[in-house]
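Enquirer: My file is final_19.txt. It has compact mmCIF, C-alpha atoms and all ligand atoms:
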# COMPACT_ATOMS: atom_id res chain seq x y z
CA MET A 236 -1.27 17.71 -2.89
CA ILE A 237 1.98 16.99 -1.12
CA ASP A 238 5.07 15.98 -3.06
CA TRP A 239 6.87 13.58 -0.76
CA ARG A 240 10.05 13.82 -2.86
CA ASN A 241 10.72 17.36 -1.70
CA GLY A 242 11.87 18.69 1.66
CA SER A 243 9.15 19.29 4.23
CA ASP A 244 7.74 22.64 5.36
CA LEU A 245 7.45 21.12 8.82
CA ASP A 246 10.68 22.11 10.58
CA ARG A 247 11.24 19.39 13.17
CA VAL A 248 13.73 21.51 15.15
CA ALA A 249 15.81 18.46 16.05
CA GLU A 250 18.61 20.57 17.57
CA LEU A 251 16.25 22.67 19.69
CA ARG A 252 13.72 20.15 21.00
CA ILE A 253 16.32 18.39 23.16
CA ASP A 254 16.26 21.45 25.47
CA PRO A 255 13.21 21.30 27.80
CA GLU A 256 13.41 25.06 28.39
CA TRP A 257 13.19 25.70 24.66
CA VAL A 258 10.16 23.39 24.36
CA LEU A 259 8.46 25.17 27.26
CA ALA A 260 9.15 28.55 25.66
CA ALA A 261 7.72 27.25 22.38
CA TRP A 262 4.56 26.17 24.23
CA SER A 263 4.28 29.66 25.71
CA ASP A 264 4.72 31.32 22.30
CA PRO A 265 1.50 33.29 21.60
CA ASP A 266 1.55 31.90 18.06
CA ALA A 267 1.77 28.25 19.20
CA VAL A 268 -1.09 25.99 18.11
CA LEU A 269 -2.37 22.61 19.26
CA LEU A 270 -3.65 19.92 16.94
CA ARG A 271 -6.03 17.45 18.59
CA VAL A 272 -5.94 13.98 17.11
CA GLY A 273 -7.20 10.51 17.87
CA GLU A 274 -6.71 7.05 16.48
CA ALA A 275 -6.47 7.79 12.73
CA SER A 276 -8.58 10.92 13.25
CA VAL A 277 -8.13 14.68 13.49
CA GLU A 278 -10.10 17.71 14.58
CA ALA A 279 -11.54 19.16 11.39
CA GLY A 280 -14.05 21.80 10.36
CA ALA A 281 -17.25 21.12 8.45
CA ASP A 282 -15.37 22.00 5.26
CA GLY A 283 -12.75 19.33 5.99
CA SER A 284 -10.00 21.79 6.93
CA LEU A 285 -7.72 21.05 9.84
CA LEU A 286 -8.70 22.78 13.08
CA THR A 287 -5.98 23.97 15.44
CA ARG A 288 -6.48 25.56 18.83
CA ARG A 289 -4.65 28.23 20.73
CA VAL A 290 -2.42 26.80 23.44
CA GLU A 291 -4.07 27.51 26.78
CA ALA A 292 -3.42 24.69 29.28
CA ALA A 293 -0.23 24.31 31.31
CA PHE A 294 2.41 22.36 29.44
CA ASP A 295 2.45 18.65 30.24
CA PRO A 296 5.20 16.74 28.42
CA GLU A 297 3.24 13.51 28.81
CA VAL A 298 0.30 14.72 26.71
CA HIS A 299 1.61 17.66 24.67
CA TYR A 300 3.99 16.65 21.90
CA LEU A 301 5.99 19.07 19.79
CA LEU A 302 5.63 18.45 16.04
CA GLY A 303 7.93 21.29 15.04
CA ARG A 304 7.53 24.70 13.47
CA ILE A 305 5.53 25.72 10.43
CA ASP A 306 6.33 29.20 9.13
CA GLY A 307 8.08 29.83 12.44
CA ARG A 308 4.99 28.91 14.44
CA PRO A 309 5.27 26.07 17.00
CA TRP A 310 2.86 23.19 16.43
CA PHE A 311 1.98 20.73 19.17
CA ALA A 312 -0.25 17.64 19.11
CA THR A 313 -2.28 15.95 21.78
CA ARG A 314 -4.34 12.77 21.88
CA VAL A 315 -8.10 13.08 22.36
CA ARG A 316 -10.04 10.11 23.72
CA ALA A 317 -13.45 11.40 22.63
CA GLU A 318 -13.32 10.16 19.05
CA GLU A 319 -16.81 11.60 18.43
CA GLU A 320 -15.22 15.08 18.50
CA LEU A 321 -12.92 14.13 15.65
CA THR A 322 -13.09 13.30 11.96
CA ALA A 323 -11.56 10.24 10.31
CA LEU A 324 -8.27 11.30 8.74
CA ARG A 325 -9.00 9.20 5.66
CA THR A 326 -12.12 11.26 4.89
CA VAL A 327 -10.36 14.65 4.94
CA MET A 328 -6.75 13.92 3.98
CA ASP A 329 -7.25 14.33 0.21
CA GLY A 330 -8.35 17.94 0.76
CA LEU A 331 -5.62 19.03 3.18
CA PRO A 332 -2.83 21.39 2.10
CA ALA A 333 0.60 19.78 1.99
CA VAL A 334 1.91 21.07 5.29
CA GLY A 335 -1.39 20.33 7.07
CA LEU A 336 -1.28 16.77 5.83
CA GLN A 337 2.31 16.46 7.00
CA ALA A 338 1.35 17.76 10.45
CA ALA A 339 -1.70 15.49 10.67
CA PHE A 340 0.23 12.38 9.62
CA THR A 341 3.01 13.22 12.08
CA ALA A 342 0.58 13.93 14.92
CA VAL A 343 -1.41 10.72 14.46
CA GLY A 344 1.70 8.59 14.12
CA LEU A 345 3.46 10.19 17.06
CA THR A 346 0.54 10.09 19.50
CA THR A 347 -0.23 6.50 18.54
CA TRP A 348 3.36 5.55 19.38
CA HIS A 349 3.18 7.29 22.77
CA ASP A 350 -0.01 5.41 23.51
CA VAL A 351 1.72 2.03 23.29
CA SER A 352 5.11 3.01 24.72
CA ARG A 353 4.28 3.79 28.35
CA PHE A 354 6.42 0.95 29.65
CA CYS A 355 9.99 -0.06 28.98
CA PRO A 356 10.26 -3.09 26.67
CA ARG A 357 13.48 -4.12 28.44
CA CYS A 358 12.64 -3.87 32.17
CA GLY A 359 8.92 -3.11 32.30
CA SER A 360 9.25 0.14 34.26
CA ALA A 361 7.42 3.33 33.35
CA THR A 362 8.85 5.53 30.60
CA ARG A 363 8.60 9.31 30.34
CA ALA A 364 8.40 11.58 27.33
CA VAL A 365 11.51 13.63 26.52
CA HIS A 366 12.68 15.95 23.73
CA GLY A 367 9.26 17.49 23.28
CA GLY A 368 7.73 14.05 22.87
CA GLN A 369 10.01 12.93 20.06
CA SER A 370 11.37 10.14 22.25
CA ARG A 371 10.78 8.41 25.59
CA LYS A 372 13.17 7.28 28.29
CA CYS A 373 12.84 4.49 30.84
CA THR A 374 12.70 5.87 34.39
CA ALA A 375 14.56 2.82 35.76
CA CYS A 376 17.13 1.51 33.28
CA GLY A 377 17.46 4.61 31.09
CA LEU A 378 16.63 2.87 27.80
CA GLU A 379 15.79 5.40 25.12
CA LEU A 380 12.84 4.72 22.85
CA TYR A 381 12.12 6.39 19.53
CA PRO A 382 8.90 6.52 17.50
CA ARG A 383 8.47 3.41 15.42
CA THR A 384 7.83 3.34 11.70
CA ASP A 385 7.02 0.02 10.08
CA PRO A 386 8.35 -0.21 6.50
CA ALA A 387 6.09 -1.81 3.94
CA VAL A 388 6.57 -2.26 0.21
CA ILE A 389 3.92 -1.45 -2.34
CA VAL A 390 4.40 -2.78 -5.83
CA ALA A 391 3.12 -1.94 -9.29
CA ILE A 392 3.54 -5.14 -11.31
CA VAL A 393 3.44 -4.83 -15.09
CA ASP A 394 3.68 -7.52 -17.76
CA PRO A 395 5.49 -7.37 -21.14
CA ASP A 396 2.35 -5.82 -22.71
CA ASN A 397 2.44 -3.05 -20.06
CA ARG A 398 -0.71 -4.34 -18.40
CA LEU A 399 -0.97 -3.45 -14.71
CA LEU A 400 -1.90 -5.99 -12.07
CA LEU A 401 -4.56 -4.78 -9.62
CA GLY A 402 -6.35 -6.70 -6.95
CA ARG A 403 -8.56 -6.44 -3.94
CA GLN A 404 -8.66 -7.76 -0.41
CA PRO A 405 -11.90 -9.29 0.87
CA VAL A 406 -12.18 -6.66 3.64
CA TRP A 407 -12.12 -3.70 1.24
CA ALA A 408 -15.22 -1.73 0.21
CA PRO A 409 -16.92 -3.04 -2.94
CA GLY A 410 -15.14 -1.96 -6.11
CA ARG A 411 -11.89 -0.89 -4.42
CA TYR A 412 -8.83 -2.09 -6.30
CA SER A 413 -5.19 -1.31 -5.70
CA VAL A 414 -1.65 -2.44 -6.27
CA PHE A 415 -0.15 -4.97 -3.84
CA ALA A 416 1.59 -4.34 -0.53
CA GLY A 417 3.26 -6.16 2.35
CA PHE A 418 5.37 -5.55 5.43
CA VAL A 419 9.13 -5.92 5.59
CA GLU A 420 10.29 -8.73 7.86
CA VAL A 421 13.37 -8.68 10.07
CA GLY A 422 16.57 -9.32 8.15
CA GLU A 423 15.10 -8.53 4.71
CA SER A 424 16.00 -5.86 2.20
CA LEU A 425 13.13 -3.92 0.68
CA GLU A 426 13.71 -5.63 -2.66
CA GLN A 427 13.64 -9.06 -1.03
CA THR A 428 10.33 -8.15 0.55
CA VAL A 429 8.99 -7.24 -2.89
CA HIS A 430 9.94 -10.65 -4.28
CA ARG A 431 8.62 -12.59 -1.27
CA GLU A 432 5.37 -10.70 -0.83
CA MET A 433 4.43 -10.79 -4.49
CA ALA A 434 5.17 -14.51 -4.64
CA GLU A 435 2.96 -15.01 -1.59
CA GLU A 436 0.14 -12.71 -2.65
CA VAL A 437 -0.16 -13.34 -6.38
CA GLY A 438 2.26 -16.19 -7.12
CA LEU A 439 4.36 -14.25 -9.62
CA ALA A 440 8.14 -14.23 -10.08
CA LEU A 441 9.49 -10.73 -10.70
CA THR A 442 12.36 -9.14 -12.58
CA GLY A 443 13.69 -5.60 -12.69
CA VAL A 444 12.51 -4.30 -9.31
CA THR A 445 13.07 -0.52 -9.19
CA TYR A 446 12.38 2.07 -6.50
CA LEU A 447 9.68 4.67 -7.17
CA GLY A 448 9.31 6.70 -3.96
CA SER A 449 7.93 6.59 -0.45
CA GLN A 450 5.49 8.20 1.91
CA PRO A 451 4.34 7.87 5.53
CA TRP A 452 1.03 6.15 6.12
CA PRO A 453 -0.07 6.50 9.77
CA PHE A 454 -2.66 3.70 9.78
CA PRO A 455 -1.21 3.04 12.23
CA ARG A 456 2.50 3.70 11.59
CA SER A 457 3.77 2.57 8.21
CA LEU A 458 6.29 3.92 5.77
CA MET A 459 5.13 2.85 2.33
CA VAL A 460 7.97 2.25 -0.13
CA GLY A 461 6.85 2.03 -3.74
CA PHE A 462 8.42 -0.19 -6.40
CA LEU A 463 7.88 -1.01 -10.04
CA ALA A 464 8.37 -4.66 -10.96
CA HIS A 465 8.12 -6.61 -14.19
CA THR A 466 6.90 -10.13 -14.71
CA THR A 467 5.84 -12.51 -17.46
CA ARG A 468 2.37 -12.85 -18.93
CA ASP A 469 1.51 -15.53 -16.38
CA GLU A 470 -1.85 -15.40 -14.70
CA PRO A 471 -1.71 -14.39 -11.02
CA VAL A 472 -2.58 -16.89 -8.31
CA PRO A 473 -4.20 -14.92 -5.47
CA ALA A 474 -3.36 -15.95 -1.91
CA VAL A 475 -6.37 -17.71 -0.43
CA GLY A 476 -8.07 -15.59 2.24
CA GLU A 477 -5.82 -12.60 1.66
CA ILE A 478 -6.39 -11.57 -1.95
CA GLU A 479 -9.94 -11.90 -3.23
CA LEU A 480 -9.13 -11.10 -6.82
CA ALA A 481 -6.11 -10.19 -8.94
CA ARG A 482 -6.38 -9.30 -12.60
CA TRP A 483 -4.47 -7.64 -15.40
CA PHE A 484 -5.72 -4.34 -16.80
CA THR A 485 -4.83 -2.60 -20.04
CA HIS A 486 -5.02 1.19 -19.99
CA ASP A 487 -8.34 1.14 -21.82
CA GLU A 488 -9.81 -1.54 -19.57
CA LEU A 489 -8.96 0.40 -16.43
CA VAL A 490 -10.26 3.71 -17.79
CA VAL A 491 -13.57 2.06 -18.68
CA ALA A 492 -13.78 0.21 -15.33
CA MET A 493 -13.19 3.48 -13.46
CA ALA A 494 -15.80 5.29 -15.53
CA THR A 495 -18.46 2.66 -14.88
CA GLY A 496 -17.63 2.46 -11.17
CA GLU A 497 -16.55 -1.16 -11.44
CA VAL A 498 -13.13 -0.09 -10.15
CA ILE A 499 -12.64 2.53 -7.43
CA LEU A 500 -9.06 3.60 -6.88
CA PRO A 501 -7.44 4.31 -3.47
CA PRO A 502 -7.46 7.88 -2.03
CA HIS A 503 -5.51 10.58 -3.87
CA THR A 504 -3.20 10.97 -0.86
CA SER A 505 -1.99 7.38 -1.10
CA ILE A 506 1.16 6.37 -2.93
CA ALA A 507 -0.92 3.56 -4.47
CA ARG A 508 -3.10 6.13 -6.25
CA ARG A 509 -0.09 8.02 -7.54
CA MET A 510 1.48 4.80 -8.81
CA ILE A 511 -1.67 3.79 -10.66
CA GLU A 512 -2.18 7.26 -12.14
CA SER A 513 1.47 7.39 -13.21
CA TRP A 514 0.97 4.10 -15.00
CA LEU A 515 -2.15 5.51 -16.68
CA ASP A 516 -0.34 8.62 -17.94
CA GLY A 517 2.74 6.67 -19.01
CA SER A 518 5.15 8.22 -16.51
CA LEU A 519 5.53 5.33 -14.05
CA GLY A 520 9.19 4.64 -13.40
CA SER A 521 10.38 7.46 -15.63
ZN ZN B 1 13.83 0.00 31.45
Could you spell out this file's structure in structure tokens?
Expert:
Amino acid sequence: MIDWRNGSDLDRVAELRIDPEWVLAAWSDPDAVLLRVGEASVEAGADGSLLTRRVEAAFDPEVHYLLGRIDGRPWFATRVRAEEELTALRTVMDGLPAVGLQAAFTAVGLTTWHDVSRFCPRCGSATRAVHGGQSRKCTACGLELYPRTDPAVIVAIVDPDNRLLLGRQPVWAPGRYSVFAGFVEVGESLEQTVHREMAEEVGLALTGVTYLGSQPWPFPRSLMVGFLAHTTRDEPVPAVGEIELARWFTHDELVVAMATGEVILPPHTSIARRMIESWLDGSLGS
């Protein structure tokens, strides 16, 4: 399990990757490995472990992207179109070691960004990958583009009796419940997003919004920012079409609902799961 509060074992070599000769030498390193990924998928073994390949092809900066170094070993990623050769990241991510998960999340997020950044948003000309694939540059006007991350808030709402509000979206698998989330809009602070989104989604006014932590979520390119918020004992009013159900749980009610299968929590890798489990063990926000 990765602890996103600590520094990463993936060394992103920011000072080195700006030198194309250094990137080429890293590619030629006999210890270099290539991680093949798709849209929210990775190459994985039957046991769910991450598969990496020896670097064999000639280096092509348009398809081979440097992730960084792990234990001194260069890691590259490339996008595979044949999704049938890959495994859904969601199905294996809970079993990956911390640094493997970090590499997989980075690879999927980075290759997805390259996929949609082939043309300059200012002048429409072609862009080319630079700095080992950590940015792109317009071939005509010179505009520099950097990988996008879309911030989203995710909120554990508790009432004065320390009940936790969980809900479900109509598109989720039966039984899946989670805390509530929404994307940051232009010109908003994260805390303002918390207030707006929770008013929209469950019709509750909040007090005491405090930061809990964050983690990347490459489906397709989010940064989830977790918050704890307090509210009154009011009943939630779910947003029509967006939230199918929202209800308060006591500790005992949630434990029983999980045991019977009535409630299925999000994956262990998600910040939502950690927030809910922290609430269950009494450590949320402490
Ligand atoms: Zn341009």
Enquirer: Please produce, as a Markdown table, a per-residue contact table for chain A versus ligand ZN 1 (chain B) (criterion: any atom at most 7 Å away, all atoms listed in the file considered), showing the nearest atom pair and its distance in Å to one decimal, sorted by chain then residue number.
Expert:
| residue | atom | partner | partner_atom | distance |
| --- | --- | --- | --- | --- |
| A:Cys355 | CA | B:ZN1 | ZN | 4.6 |
| A:Pro356 | CA | B:ZN1 | ZN | 6.7 |
| A:Arg357 | CA | B:ZN1 | ZN | 5.1 |
| A:Cys358 | CA | B:ZN1 | ZN | 4.1 |
| A:Gly359 | CA | B:ZN1 | ZN | 5.9 |
| A:Ser360 | CA | B:ZN1 | ZN | 5.4 |
| A:Cys373 | CA | B:ZN1 | ZN | 4.6 |
| A:Thr374 | CA | B:ZN1 | ZN | 6.7 |
| A:Ala375 | CA | B:ZN1 | ZN | 5.2 |
| A:Cys376 | CA | B:ZN1 | ZN | 4.1 |
| A:Gly377 | CA | B:ZN1 | ZN | 5.9 |
| A:Leu378 | CA | B:ZN1 | ZN | 5.4 |
Enquirer: Using atom CA of A:Leu463 and atom CA of A:Ile499 as the two end points, give the distance in Å to one decimal.
Expert: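 Between atom CA of A:Leu463 and atom CA of A:Ile499 the gap is 21.0 Å.
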Enquirer: Which is closer to A:Ala261 than all the others in A:His299, A:Glu274, A:Thr341, A:Val472, using all atoms listed in the file?
Expert: A:His299
Enquirer: When you draw a straight line from atom CA of A:Val365 to atom CA of A:Trp348, how long is it in Å?
Expert: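 Value for the atom CA of A:Val365-atom CA of A:Trp348 distance: 13.5 Å.
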Enquirer: Check the smallest atom-to-atom distance from each of A:Val290, A:Leu519, A:Leu324, A:Val414 to A:Pro501 using all atoms listed in the file, then report the winner.
Expert: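 Checking each of A:Val290, A:Leu519, A:Leu324, A:Val414 against A:Pro501, counting all atoms listed in the file, the winner is A:Val414.
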Enquirer: Could you list, as a VMD selection string, every residue within 10 Å of A:Ser413, counting all atoms listed in the file and ignoring same-chain residues fewer than 3 positions away?
Expert: chain A and resid 389 to 391 400 to 404 410 416 481 498 to 501 507 to 508 510 to 511
Enquirer: Near stretch 425-441 of chain A, within 12 Å and counting all atoms listed in the file, which residues show up once chain neighbours fewer than 2 positions away are dropped, as a PyMOL selection string?
Expert: chain A and resi 385-395+400-404+414-423+443-447+449+458-483
Enquirer: As lines of an AutoDock Vina configuration file, please report the centre and edge lengths, rounded to one decimal in Å, of the axis-aligned box that holds all listed atoms of stretch 504-511 of chain A with 3 Å of padding on each of the six sides.
Expert:
center_x = -0.9
center_y = 7.3
center_z = -5.8
size_x = 10.7
size_y = 13.4
size_z = 15.8
Enquirer: Using all atoms listed in the file for the distances, tell me which of A:Ser513, A:Val334, A:Arg288, A:Asp246 is nearest to A:Gly307.
Expert: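 Of A:Ser513, A:Val334, A:Arg288, A:Asp246, the one nearest A:Gly307 is A:Asp246, counting all atoms listed in the file.
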Enquirer: Need to verify the contact set: A:Ala279, 8 Å, all atoms listed in the file, exclusion of same-chain residues closer than 5 positions in sequence. Can you return it as a tab-separated table (two decimals) with C-alpha atoms, in the coordinates of the input?
Expert:
chain	number	residue	atom	x	y	z
A	284	SER	CA	-10.00	21.79	6.93
A	285	LEU	CA	-7.72	21.05	9.84
A	286	LEU	CA	-8.70	22.78	13.08
A	321	LEU	CA	-12.92	14.13	15.65
A	322	THR	CA	-13.09	13.30	11.96
A	327	VAL	CA	-10.36	14.65	4.94
Enquirer: Figure out the distance between atom CA of A:Gly496 and atom CA of A:Ser276, please, to one decimal in Å.
Expert: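 If I compute the distance from atom CA of A:Ser276 to atom CA of A:Gly496, I get 27.4 Å.
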